[in-house]
Amino acid sequence: MTCPTCGLRNAPGTPFCASCGAFLDWEGEETEPAGTGPAPATADAAAPPPVPVPPAEPDPAPAPAPVEAPAAAGPRRPGAETDAPVPGPPPETPAPEPVVSSPAATLRCGACGTGNEADRTLCVRCARPLAPGPRPEARPPWWRRLLRRRGRQAPLAGTRPRRSRRRPRILMPLVLVLLAGGIWFGLPHAGRLLGLAREETSPPESLPPSAVRASRALKGHPAGAAFDGFSNRYWAAPATGATLEAEFGAPGVRVTKLVVFAGTSAKKDEFLTQARPARILVEVVAANGDTDTRRLTLKDQPGQQTFTLRASRVTHVRITPETAYGTARGRHLALAEVEFFGHRG
């Protein structure tokens, strides 16, 4: 079969050209190879037998002898009534050229099985749509696979299905038990956790004490001067070792930081006129009687100094200066301001 597009000869019955992939399913003219038809008749076989002629008077000139037609090539069969030649072997049919599949025919039709080019949408033979098929199902997430029941495989025809024991599913009850236990044991600490979350999300507020007192104080410089909100008035003690106390009452407050103004004033020229605390002992007493002790070191400079002091349900704070800067004869210890910040309740 000769391709009408590129002219390549293909083997009989090939639907597509091996070179260009064109469709070859068409009916061509069939030609009989030479030497396979009936052999031509000879002159002797076609000529009628001679008819006898009655004797006649001799002619002066003899009649010409009949001319025989040349016999066909090939041996004659003995005893044959005609002089027809014996047919020889049929001519050799040329071997068909090998069919090479087209590299472009990579998409096979699902209806007739014909190969098509990858960019085609309809089959070249049956014109059916060349759909790529359904897309593979996406794999569900792990948490769906964990809770999904596996489908039972259907038994084969003629067989009896096995009876399988149903195993108890203990995963979900175990999770519920653990969740309930966590809630039960976490309830006593829920308030504390909520309080810590509130401390991180809301800014701290000033916590002035409900009552203050000092173990020793000079005249004109009482303990209240250290909690009045003014840095130009101060609490004065004759030496280190005196205590300054602040009370907040029940149920207590939540303290997050402590602010201290050392010396007599926030101004530098007034700051150096008296002795200043260098290290202080801070005792924080909770509502249940627990005491937390901190030692804080102050810088010898005027102005605000801030320290982190985290404690819950604080009802009482005691501050004791242990060492001081600028001590000398005739000088006393001065503490201008003490402030607490945090949340109530």
# chains A, B, ... in the order shown; residues from 1 in each chain; ligands from 1
call {"tool": "residues_around", "arguments": {"residues": "Cys3 in chain A", "least_positions_apart": "5", "cutoff": "9 Å", "atoms": "only C-alpha atoms", "output": "ChimeraX atom specification"}}
result
/A:8-10,16-17,19-20,22-24
call {"tool": "write_last_selection", "arguments": {"atoms": "C-alpha atoms", "output": "short mmCIF file (atom, residue, chain, number, x, y, z; two decimals), in the first residue's frame"}}
result
data_model
loop_
_atom_site.label_atom_id
_atom_site.label_comp_id
_atom_site.auth_asym_id
_atom_site.auth_seq_id
_atom_site.Cartn_x
_atom_site.Cartn_y
_atom_site.Cartn_z
CA LEU A 8 6.31 5.22 1.13
CA ARG A 9 5.36 1.64 0.29
CA ASN A 10 3.83 -0.14 3.29
CA PHE A 16 -0.96 3.93 9.13
CA CYS A 17 2.11 4.94 7.16
CA SER A 19 7.03 7.17 7.89
CA CYS A 20 4.53 10.02 8.34
CA ALA A 22 -0.99 9.06 7.67
CA PHE A 23 -4.14 6.91 7.58
CA LEU A 24 -3.95 4.14 4.90
#
call {"tool": "residues_around", "arguments": {"residues": "range 286-302 of chain A", "least_positions_apart": "2", "cutoff": "8 Å", "atoms": "only C-alpha atoms", "output": "PDB file with N, CA and C atoms, in the first residue's frame"}}
result
ATOM      1  N   ALA A 250      -5.435  41.724 101.672  1.00  0.00           N
ATOM      2  CA  ALA A 250      -5.953  40.525 101.001  1.00  0.00           C
ATOM      3  C   ALA A 250      -6.878  40.942  99.850  1.00  0.00           C
ATOM      4  N   PRO A 251      -6.969  40.153  98.780  1.00  0.00           N
ATOM      5  CA  PRO A 251      -6.287  38.869  98.558  1.00  0.00           C
ATOM      6  C   PRO A 251      -4.900  39.003  97.969  1.00  0.00           C
ATOM      7  N   GLY A 252      -4.379  40.216  97.927  1.00  0.00           N
ATOM      8  CA  GLY A 252      -3.048  40.431  97.401  1.00  0.00           C
ATOM      9  C   GLY A 252      -3.060  40.923  95.966  1.00  0.00           C
ATOM     10  N   PHE A 261      13.885  55.183  93.029  1.00  0.00           N
ATOM     11  CA  PHE A 261      14.614  56.441  92.868  1.00  0.00           C
ATOM     12  C   PHE A 261      15.493  56.597  94.113  1.00  0.00           C
ATOM     13  N   ALA A 262      16.815  56.424  93.973  1.00  0.00           N
ATOM     14  CA  ALA A 262      17.724  56.521  95.126  1.00  0.00           C
ATOM     15  C   ALA A 262      18.103  57.980  95.392  1.00  0.00           C
ATOM     16  N   GLY A 263      18.611  58.234  96.602  1.00  0.00           N
ATOM     17  CA  GLY A 263      19.066  59.585  96.944  1.00  0.00           C
ATOM     18  C   GLY A 263      17.928  60.490  97.364  1.00  0.00           C
ATOM     19  N   SER A 265      16.906  63.255  95.549  1.00  0.00           N
ATOM     20  CA  SER A 265      16.168  63.867  94.447  1.00  0.00           C
ATOM     21  C   SER A 265      16.642  63.275  93.130  1.00  0.00           C
ATOM     22  N   ALA A 266      15.858  63.542  92.092  1.00  0.00           N
ATOM     23  CA  ALA A 266      16.258  63.090  90.761  1.00  0.00           C
ATOM     24  C   ALA A 266      17.241  64.044  90.106  1.00  0.00           C
ATOM     25  N   LYS A 267      17.468  65.224  90.719  1.00  0.00           N
ATOM     26  CA  LYS A 267      18.439  66.173  90.201  1.00  0.00           C
ATOM     27  C   LYS A 267      19.824  65.793  90.701  1.00  0.00           C
ATOM     28  N   LYS A 268      20.827  65.903  89.822  1.00  0.00           N
ATOM     29  CA  LYS A 268      22.162  65.427  90.163  1.00  0.00           C
ATOM     30  C   LYS A 268      22.804  66.250  91.270  1.00  0.00           C
ATOM     31  N   PHE A 271      21.196  65.108  94.374  1.00  0.00           N
ATOM     32  CA  PHE A 271      21.323  63.662  94.559  1.00  0.00           C
ATOM     33  C   PHE A 271      22.553  63.307  95.400  1.00  0.00           C
ATOM     34  N   ARG A 276      23.311  57.208  99.504  1.00  0.00           N
ATOM     35  CA  ARG A 276      22.325  56.532  98.649  1.00  0.00           C
ATOM     36  C   ARG A 276      22.429  55.024  98.847  1.00  0.00           C
ATOM     37  N   PRO A 277      21.308  54.284  98.780  1.00  0.00           N
ATOM     38  CA  PRO A 277      21.397  52.828  98.895  1.00  0.00           C
ATOM     39  C   PRO A 277      22.166  52.224  97.719  1.00  0.00           C
ATOM     40  N   ALA A 278      23.051  51.256  98.009  1.00  0.00           N
ATOM     41  CA  ALA A 278      23.803  50.562  96.964  1.00  0.00           C
ATOM     42  C   ALA A 278      23.235  49.171  96.700  1.00  0.00           C
ATOM     43  N   ARG A 279      22.878  48.443  97.747  1.00  0.00           N
ATOM     44  CA  ARG A 279      22.254  47.127  97.597  1.00  0.00           C
ATOM     45  C   ARG A 279      21.120  47.026  98.593  1.00  0.00           C
ATOM     46  N   ILE A 280      19.961  46.568  98.105  1.00  0.00           N
ATOM     47  CA  ILE A 280      18.787  46.470  98.965  1.00  0.00           C
ATOM     48  C   ILE A 280      18.299  45.030  98.990  1.00  0.00           C
ATOM     49  N   LEU A 281      17.721  44.636 100.096  1.00  0.00           N
ATOM     50  CA  LEU A 281      17.110  43.318 100.273  1.00  0.00           C
ATOM     51  C   LEU A 281      15.592  43.495 100.199  1.00  0.00           C
ATOM     52  N   VAL A 282      14.946  42.782  99.224  1.00  0.00           N
ATOM     53  CA  VAL A 282      13.501  42.885  99.015  1.00  0.00           C
ATOM     54  C   VAL A 282      12.877  41.556  99.431  1.00  0.00           C
ATOM     55  N   GLU A 283      11.967  41.595 100.417  1.00  0.00           N
ATOM     56  CA  GLU A 283      11.259  40.411 100.890  1.00  0.00           C
ATOM     57  C   GLU A 283       9.785  40.531 100.500  1.00  0.00           C
ATOM     58  N   VAL A 284       9.324  39.594  99.669  1.00  0.00           N
ATOM     59  CA  VAL A 284       7.942  39.593  99.169  1.00  0.00           C
ATOM     60  C   VAL A 284       7.191  38.492  99.895  1.00  0.00           C
ATOM     61  N   GLN A 304      15.317  57.167  87.587  1.00  0.00           N
ATOM     62  CA  GLN A 304      14.577  55.914  87.759  1.00  0.00           C
ATOM     63  C   GLN A 304      15.448  54.701  87.452  1.00  0.00           C
ATOM     64  N   GLN A 305      15.309  53.665  88.283  1.00  0.00           N
ATOM     65  CA  GLN A 305      15.959  52.378  88.061  1.00  0.00           C
ATOM     66  C   GLN A 305      14.885  51.292  88.206  1.00  0.00           C
ATOM     67  N   PHE A 307      13.444  47.266  87.977  1.00  0.00           N
ATOM     68  CA  PHE A 307      13.832  45.866  88.200  1.00  0.00           C
ATOM     69  C   PHE A 307      12.607  44.964  87.990  1.00  0.00           C
ATOM     70  N   SER A 312       2.941  36.584  92.847  1.00  0.00           N
ATOM     71  CA  SER A 312       1.479  36.538  92.837  1.00  0.00           C
ATOM     72  C   SER A 312       0.944  36.584  94.260  1.00  0.00           C
ATOM     73  N   ARG A 313      -0.251  37.183  94.409  1.00  0.00           N
ATOM     74  CA  ARG A 313      -0.964  37.277  95.684  1.00  0.00           C
ATOM     75  C   ARG A 313      -0.068  37.890  96.768  1.00  0.00           C
ATOM     76  N   VAL A 314       0.575  39.000  96.412  1.00  0.00           N
ATOM     77  CA  VAL A 314       1.486  39.681  97.335  1.00  0.00           C
ATOM     78  C   VAL A 314       0.666  40.542  98.298  1.00  0.00           C
ATOM     79  N   THR A 315       0.909  40.373  99.586  1.00  0.00           N
ATOM     80  CA  THR A 315       0.217  41.166 100.618  1.00  0.00           C
ATOM     81  C   THR A 315       1.156  42.092 101.388  1.00  0.00           C
ATOM     82  N   HIS A 316       2.491  41.824 101.315  1.00  0.00           N
ATOM     83  CA  HIS A 316       3.430  42.588 102.144  1.00  0.00           C
ATOM     84  C   HIS A 316       4.806  42.579 101.472  1.00  0.00           C
ATOM     85  N   TYR A 325      26.109  54.172  99.093  1.00  0.00           N
ATOM     86  CA  TYR A 325      27.131  55.007  98.462  1.00  0.00           C
ATOM     87  C   TYR A 325      27.220  56.343  99.238  1.00  0.00           C
TER      88      TYR A 325
END
call {"tool": "decode", "arguments": {"residues": "range 209-221 of chain A", "atoms": "N, CA, C and O atoms", "output": "mmCIF file, in the first residue's frame"}}
result
data_model
loop_
_atom_site.group_PDB
_atom_site.id
_atom_site.type_symbol
_atom_site.label_atom_id
_atom_site.label_comp_id
_atom_site.auth_asym_id
_atom_site.auth_seq_id
_atom_site.Cartn_x
_atom_site.Cartn_y
_atom_site.Cartn_z
ATOM 1 N N PRO A 209 0.537 51.082 97.732
ATOM 2 C CA PRO A 209 0.201 50.279 98.916
ATOM 3 C C PRO A 209 -0.913 50.929 99.739
ATOM 4 O O PRO A 209 -1.121 52.149 99.709
ATOM 5 N N SER A 210 -1.613 50.077 100.479
ATOM 6 C CA SER A 210 -2.696 50.577 101.352
ATOM 7 C C SER A 210 -2.164 51.122 102.665
ATOM 8 O O SER A 210 -2.810 51.949 103.315
ATOM 9 N N ALA A 211 -0.961 50.670 103.077
ATOM 10 C CA ALA A 211 -0.365 51.163 104.330
ATOM 11 C C ALA A 211 1.152 51.016 104.232
ATOM 12 O O ALA A 211 1.659 50.077 103.593
ATOM 13 N N VAL A 212 1.897 51.993 104.861
ATOM 14 C CA VAL A 212 3.358 51.961 104.843
ATOM 15 C C VAL A 212 3.871 52.256 106.253
ATOM 16 O O VAL A 212 3.198 52.941 107.051
ATOM 17 N N ARG A 213 5.077 51.772 106.534
ATOM 18 C CA ARG A 213 5.718 52.085 107.829
ATOM 19 C C ARG A 213 7.210 51.811 107.689
ATOM 20 O O ARG A 213 7.632 51.100 106.760
ATOM 21 N N ALA A 214 7.981 52.359 108.623
ATOM 22 C CA ALA A 214 9.430 52.207 108.636
ATOM 23 C C ALA A 214 9.885 51.895 110.044
ATOM 24 O O ALA A 214 9.290 52.362 111.034
ATOM 25 N N SER A 215 10.946 51.096 110.122
ATOM 26 C CA SER A 215 11.481 50.759 111.451
ATOM 27 C C SER A 215 12.150 51.971 112.093
ATOM 28 O O SER A 215 12.078 52.152 113.314
ATOM 29 N N ARG A 216 12.788 52.835 111.283
ATOM 30 C CA ARG A 216 13.431 54.051 111.781
ATOM 31 C C ARG A 216 13.274 55.115 110.707
ATOM 32 O O ARG A 216 13.376 54.835 109.504
ATOM 33 N N ALA A 217 13.060 56.374 111.099
ATOM 34 C CA ALA A 217 12.905 57.476 110.146
ATOM 35 C C ALA A 217 13.302 58.775 110.843
ATOM 36 O O ALA A 217 12.999 58.991 112.027
ATOM 37 N N LEU A 218 13.993 59.633 110.115
ATOM 38 C CA LEU A 218 14.379 60.937 110.645
ATOM 39 C C LEU A 218 13.195 61.891 110.593
ATOM 40 O O LEU A 218 12.260 61.714 109.804
ATOM 41 N N LYS A 219 13.270 62.916 111.442
ATOM 42 C CA LYS A 219 12.192 63.884 111.514
ATOM 43 C C LYS A 219 12.078 64.645 110.204
ATOM 44 O O LYS A 219 13.064 65.122 109.653
ATOM 45 N N GLY A 220 10.863 64.746 109.691
ATOM 46 C CA GLY A 220 10.611 65.445 108.421
ATOM 47 C C GLY A 220 10.744 64.555 107.204
ATOM 48 O O GLY A 220 10.452 65.001 106.097
ATOM 49 N N HIS A 221 11.164 63.317 107.413
ATOM 50 C CA HIS A 221 11.310 62.383 106.270
ATOM 51 C C HIS A 221 10.700 61.032 106.648
ATOM 52 O O HIS A 221 11.394 60.048 106.853
#
